[in-house]
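Each remark here refers to the structure printed beneath this line.
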Amino acid sequence: MIRQEILKNLKRVVIKIGSSVISNKNKGRSSLECGLSKDWVRHYARKIKVIQDNGYDVVLVSSGAIMAGRERLGLNRADLSIPEKQACAAIGQSFLMHTYEKAFEKKDIKVAQILLSHDDLGNRRRYLNAKHTIEALLERNVIPIINENDSVTVEEIKIGDNDTLSATVACLVDAQLLIILSEVEGLYNRDPSSKIKGEKAELVSHVGRVNEEIERTAGKSNNRLTVGGMYTKVLAAKKTMSFGIPTLVVNGLDEKILENVFSGKDVGTLFWSGKGKIRDRKHWIAHTLKPAGVLIVDEGARKALVEMGKSLLPAGLKKIQGEFEFGKAVKILDEECKEIGRGLVNYNSRDLQQIKGMKTSAIKKSIGDSFYEEVIHRDDLVIF
Ligand code: GLU
């Protein structure tokens, strides 16, 4: 029922293809030896052609660059250095795109490559630029194929995994559904590889809210081919859900999976609350920007923020962690260190150390007229 409802409203879908879904792993290779499978890429080109012919806009987020480059360079060690990984990404990305291009060409579909980094998404102007480019491509029935710009980004400024990237892209392009194709069936209620007797893992068909227990159940990945495991998928779903977009995690190694999804069958795990929309800019503040610091607020400020929808004032600040500049995103924690929201600060961390706990009149004396009444204005504030 819910799935039919989602399909009824569907116009634009983001499909994330994980490395293991388009790898030639099944041919007796270990996960570090395998490369790109042209057969699987062709398979997905055929399936996506059908989806496009049925009138949907499709945006792809595809992993596989590092895997393809690794195979081409014969670098099948587990301990690649960062430049080695980046070299793999550079060689693999062009091979990946070439393979997609050839597969889609057979179906008369043009594709376009977009490589994004956190710097692109964290800068509002570049974020909107990327959005406009994708719109222009979709208007012309071109399929954008997006990946992280791995060959130039280093660990600290990386988006890090394509589950997160696909969630950000789904919000960026205002999709009505994100489908994550991975090598697992979906979220299980316990570890499916667990050998404990009487503990049979069951697939969860629907998650209405991603809470700490769900995050714990998802655990971390132990697959060397992919960056994320179920954990990053669950976090990705949390991101899209708060934007009002459902996420479906399904097994991409099942050849019929997209037909099953588009006919509303109960496959994989659907993450969908049916509500919850923080729109555009606020979502970007909460889910795209990386927090540069932490503000711990007192109980009075917590109430003002959470219950009364007010701005954050210096008087309610207890502690500042991290060093950051004016305009950066920060996390806001209550006295128990529970995150209650995020926002953009009107002060740098040095000034905040100086004015924390002060009343407005005292601040004026302390730092002169160039002061802001609010540490974070409520227009720049997202409460969870
Ligand atoms: N961007 C990486 C690649 O193309 C994959 C990241 C991931 O698996 O999440 O190889």
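Naming works like this for the structure tokens: A, B, ... for the chains as they're shown, residue 1 at the start of each chain, ligands 1 onward in shown order.
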
Once you count only C-alpha atoms and all ligand atoms, which residues end up within 7 Å of ligand 1, and could you hand them over as a CSV table (one decimal) with C-alpha atoms, in the first residue's frame?
```csv
chain,number,residue,atom,x,y,z
A,18,GLY,CA,27.2,0.1,-5.5
A,19,SER,CA,30.6,-1.3,-6.6
A,62,SER,CA,27.5,5.0,-9.4
A,63,SER,CA,30.5,3.6,-7.4
A,64,GLY,CA,33.1,1.4,-9.0
A,65,ALA,CA,35.8,3.8,-10.0
A,66,ILE,CA,38.4,2.6,-7.4
A,67,MET,CA,37.4,-1.0,-8.0
A,89,ALA,CA,40.0,6.4,-9.0
A,93,GLN,CA,36.5,6.7,-13.4
A,147,ASN,CA,30.4,9.9,-8.4
A,148,GLU,CA,32.6,11.5,-5.8
A,150,ASP,CA,37.9,10.7,-5.5
A,160,GLY,CA,33.3,9.4,2.0
A,161,ASP,CA,30.8,7.0,0.7
A,162,ASN,CA,28.3,7.0,-2.1
A,163,ASP,CA,25.3,6.1,0.1
A,226,THR,CA,32.5,-1.0,-0.7
A,227,VAL,CA,33.0,1.9,1.6
A,228,GLY,CA,29.6,1.8,3.4
```

With DSSP run on the backbone, what are the alpha helix (DSSP H) residues within region 144-243 of chain A? I'd like them as a PyMOL selection string.
chain A and resi 162-172+212-218+230-241

Residue with smallest distance to Ala167 (chain A) - pool A:Leu138, A:Val13, A:Leu80, A:Val21, counting only C-alpha atoms:
A:Val13

Residues near region 317-326 of chain A, anyone? I mean within 10 Å using only C-alpha atoms, not counting same-chain ones fewer than 4 positions away, as a PyMOL selection string.
chain A and resi 291-302+312-313+330-335+344-353+355-358+375

Selection near Lys102 (chain A), 10 Å with only C-alpha atoms, sequence-local residues under 3 positions removed, as a short mmCIF file (atom, residue, chain, number, x, y, z; two decimals) with N, CA, C and O atoms, in the first residue's frame:
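Result saved to selection16.cif:
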```cif
data_model
loop_
_atom_site.label_atom_id
_atom_site.label_comp_id
_atom_site.auth_asym_id
_atom_site.auth_seq_id
_atom_site.Cartn_x
_atom_site.Cartn_y
_atom_site.Cartn_z
N LYS A 38 31.18 -5.63 -17.36
CA LYS A 38 30.45 -4.97 -18.44
C LYS A 38 29.04 -5.53 -18.56
O LYS A 38 28.11 -4.82 -18.91
N VAL A 41 26.81 -3.78 -16.11
CA VAL A 41 26.55 -2.40 -16.53
C VAL A 41 25.52 -2.41 -17.66
O VAL A 41 24.55 -1.63 -17.66
N ARG A 42 25.67 -3.33 -18.62
CA ARG A 42 24.70 -3.44 -19.73
C ARG A 42 23.32 -3.80 -19.19
O ARG A 42 22.31 -3.27 -19.64
N ALA A 45 21.78 -0.75 -17.84
CA ALA A 45 21.42 0.19 -18.90
C ALA A 45 20.06 -0.22 -19.49
O ALA A 45 19.19 0.62 -19.73
N MET A 97 32.96 5.32 -16.85
CA MET A 97 32.09 6.14 -17.69
C MET A 97 32.05 5.62 -19.12
O MET A 97 31.01 5.63 -19.76
N HIS A 98 33.20 5.18 -19.60
CA HIS A 98 33.26 4.65 -20.95
C HIS A 98 32.32 3.44 -21.07
O HIS A 98 31.59 3.28 -22.05
N THR A 99 32.36 2.61 -20.04
CA THR A 99 31.52 1.40 -20.04
C THR A 99 30.04 1.77 -20.01
O THR A 99 29.22 1.22 -20.75
N GLU A 105 24.54 3.86 -24.97
CA GLU A 105 24.47 4.25 -26.38
C GLU A 105 23.64 3.24 -27.17
O GLU A 105 22.84 3.60 -28.03
N LYS A 106 23.82 1.97 -26.82
CA LYS A 106 23.05 0.91 -27.49
C LYS A 106 21.55 1.11 -27.32
O LYS A 106 20.75 0.62 -28.08
N LYS A 107 21.20 1.80 -26.26
CA LYS A 107 19.78 2.03 -25.97
C LYS A 107 19.37 3.44 -26.38
O LYS A 107 18.33 3.95 -25.98
N ASP A 108 20.25 4.10 -27.10
CA ASP A 108 19.96 5.46 -27.58
C ASP A 108 19.83 6.48 -26.47
O ASP A 108 19.04 7.42 -26.56
N ILE A 109 20.57 6.27 -25.41
CA ILE A 109 20.50 7.21 -24.28
C ILE A 109 21.87 7.86 -24.11
O ILE A 109 22.90 7.18 -24.13
N LYS A 110 21.83 9.19 -23.95
CA LYS A 110 23.10 9.89 -23.68
C LYS A 110 23.31 9.97 -22.17
O LYS A 110 22.35 10.10 -21.41
N VAL A 111 24.59 9.91 -21.79
CA VAL A 111 24.89 10.03 -20.36
C VAL A 111 25.86 11.19 -20.15
O VAL A 111 26.52 11.64 -21.09
#
```

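Nearest-residue note for Lys338 (chain A): choosing from A:Ile145, A:Ala315, A:Phe384, A:Val152, the minimum distance belongs to A:Phe384, counting only C-alpha atoms.
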
Can you work out which one of A:Gln176, A:Trp284, A:Thr164, A:His206 has the shortest atom-to-atom distance to Lys238 (chain A), counting only C-alpha atoms?
A:Thr164

Atomic separation - CA of Leu10 (chain A) relative to CA of Gly208 (chain A), Å:
19.1 Å

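Minimum distance to Leu178 (chain A) across A:Ile91, A:Leu289, A:Ile15, A:Ala304 (counting only C-alpha atoms) occurs at A:Ile15.
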
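Closest to Leu248 (chain A) among A:Lys282, A:Val14, A:Ser31, A:Leu305 is A:Val14, based on only C-alpha atoms.
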
Where in region 300-355 of chain A does DSSP assign strand (DSSP E or B), given as a short mmCIF file (atom, residue, chain, number, x, y, z; two decimals) with N, CA, C and O atoms, in the first residue's frame?
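Output file result_34.cif is given in full below:
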```
data_model
loop_
_atom_site.label_atom_id
_atom_site.label_comp_id
_atom_site.auth_asym_id
_atom_site.auth_seq_id
_atom_site.Cartn_x
_atom_site.Cartn_y
_atom_site.Cartn_z
N LEU A 312 19.30 31.25 19.12
CA LEU A 312 20.24 30.96 20.21
C LEU A 312 21.00 32.22 20.59
O LEU A 312 21.65 32.85 19.74
N LEU A 317 24.81 29.97 26.28
CA LEU A 317 25.95 29.13 25.89
C LEU A 317 26.76 28.70 27.10
O LEU A 317 27.16 29.53 27.91
N LYS A 318 27.04 27.39 27.19
CA LYS A 318 27.87 26.92 28.31
C LYS A 318 29.29 26.62 27.88
O LYS A 318 30.25 26.89 28.59
N LYS A 319 29.43 25.99 26.74
CA LYS A 319 30.75 25.53 26.32
C LYS A 319 30.87 25.57 24.80
O LYS A 319 29.89 25.31 24.10
N ILE A 320 32.09 25.89 24.33
CA ILE A 320 32.32 25.91 22.89
C ILE A 320 33.46 24.93 22.60
O ILE A 320 34.51 24.99 23.25
N GLN A 321 33.25 24.04 21.65
CA GLN A 321 34.33 23.10 21.30
C GLN A 321 34.70 23.29 19.84
O GLN A 321 33.83 23.46 18.99
N ALA A 329 28.91 25.91 10.04
CA ALA A 329 27.86 25.09 10.66
C ALA A 329 28.41 24.48 11.95
O ALA A 329 29.57 24.07 12.00
N VAL A 330 27.57 24.45 12.98
CA VAL A 330 27.98 23.82 14.25
C VAL A 330 26.84 22.93 14.76
O VAL A 330 25.68 23.12 14.40
N LYS A 331 27.24 22.00 15.62
CA LYS A 331 26.23 21.16 16.30
C LYS A 331 25.82 21.86 17.59
O LYS A 331 26.67 22.47 18.25
N ILE A 332 24.58 21.71 17.97
CA ILE A 332 24.14 22.25 19.26
C ILE A 332 23.75 21.07 20.16
O ILE A 332 22.91 20.23 19.77
N LEU A 333 24.39 20.99 21.32
CA LEU A 333 24.10 19.89 22.25
C LEU A 333 23.47 20.44 23.52
O LEU A 333 23.77 21.57 23.93
N GLU A 339 22.49 15.77 20.89
CA GLU A 339 22.40 16.78 19.83
C GLU A 339 20.95 17.22 19.66
O GLU A 339 20.05 16.41 19.46
N ILE A 340 20.72 18.54 19.72
CA ILE A 340 19.35 19.01 19.54
C ILE A 340 19.15 19.76 18.23
O ILE A 340 18.04 19.99 17.79
N GLY A 341 20.25 20.13 17.59
CA GLY A 341 20.09 20.82 16.32
C GLY A 341 21.41 21.25 15.73
O GLY A 341 22.49 20.94 16.27
N ARG A 342 21.31 21.95 14.61
CA ARG A 342 22.50 22.50 13.95
C ARG A 342 22.18 23.88 13.42
O ARG A 342 21.00 24.18 13.15
N GLY A 343 23.20 24.68 13.23
CA GLY A 343 22.93 26.00 12.68
C GLY A 343 24.21 26.68 12.23
O GLY A 343 25.32 26.16 12.41
N LEU A 344 24.03 27.86 11.61
CA LEU A 344 25.19 28.64 11.15
C LEU A 344 25.47 29.73 12.16
O LEU A 344 24.56 30.51 12.52
#
```

Find the spatial neighbours of Glu185 (chain A), counting only C-alpha atoms, within a cut-off of 10 Å - ignore same-chain residues fewer than 6 positions away - and output them as a list in words.
Leu203, Val204, Val249, Val250, Asn251, Gly252, Leu253, Asp254, Val267, Gly268 and Thr269 of chain A

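With CA of Gly274 (chain A) on one side and CA of Glu202 (chain A) on the other, the separation reads 23.3 Å.
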
Rounded to one decimal place, report the CA of Thr288 (chain A)-CA of Val169 (chain A) distance in Å.
10.1 Å

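Summary of the local environment: counting only C-alpha atoms, residues at most 12 Å from Gly264 (chain A), other than itself and those fewer than 5 positions away along its chain, are Met1, Ile2, Arg3, Gln4, Glu5, Ile6, Leu7, Lys8, Leu10, Leu248, Ile257, Leu258, Glu259 and Leu270 of chain A.
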
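Among the candidates A:Lys25, A:Ile376, A:Leu32, A:Leu165, the residue lying nearest to Ala78 (chain A) is A:Leu32 (atoms considered: only C-alpha atoms).
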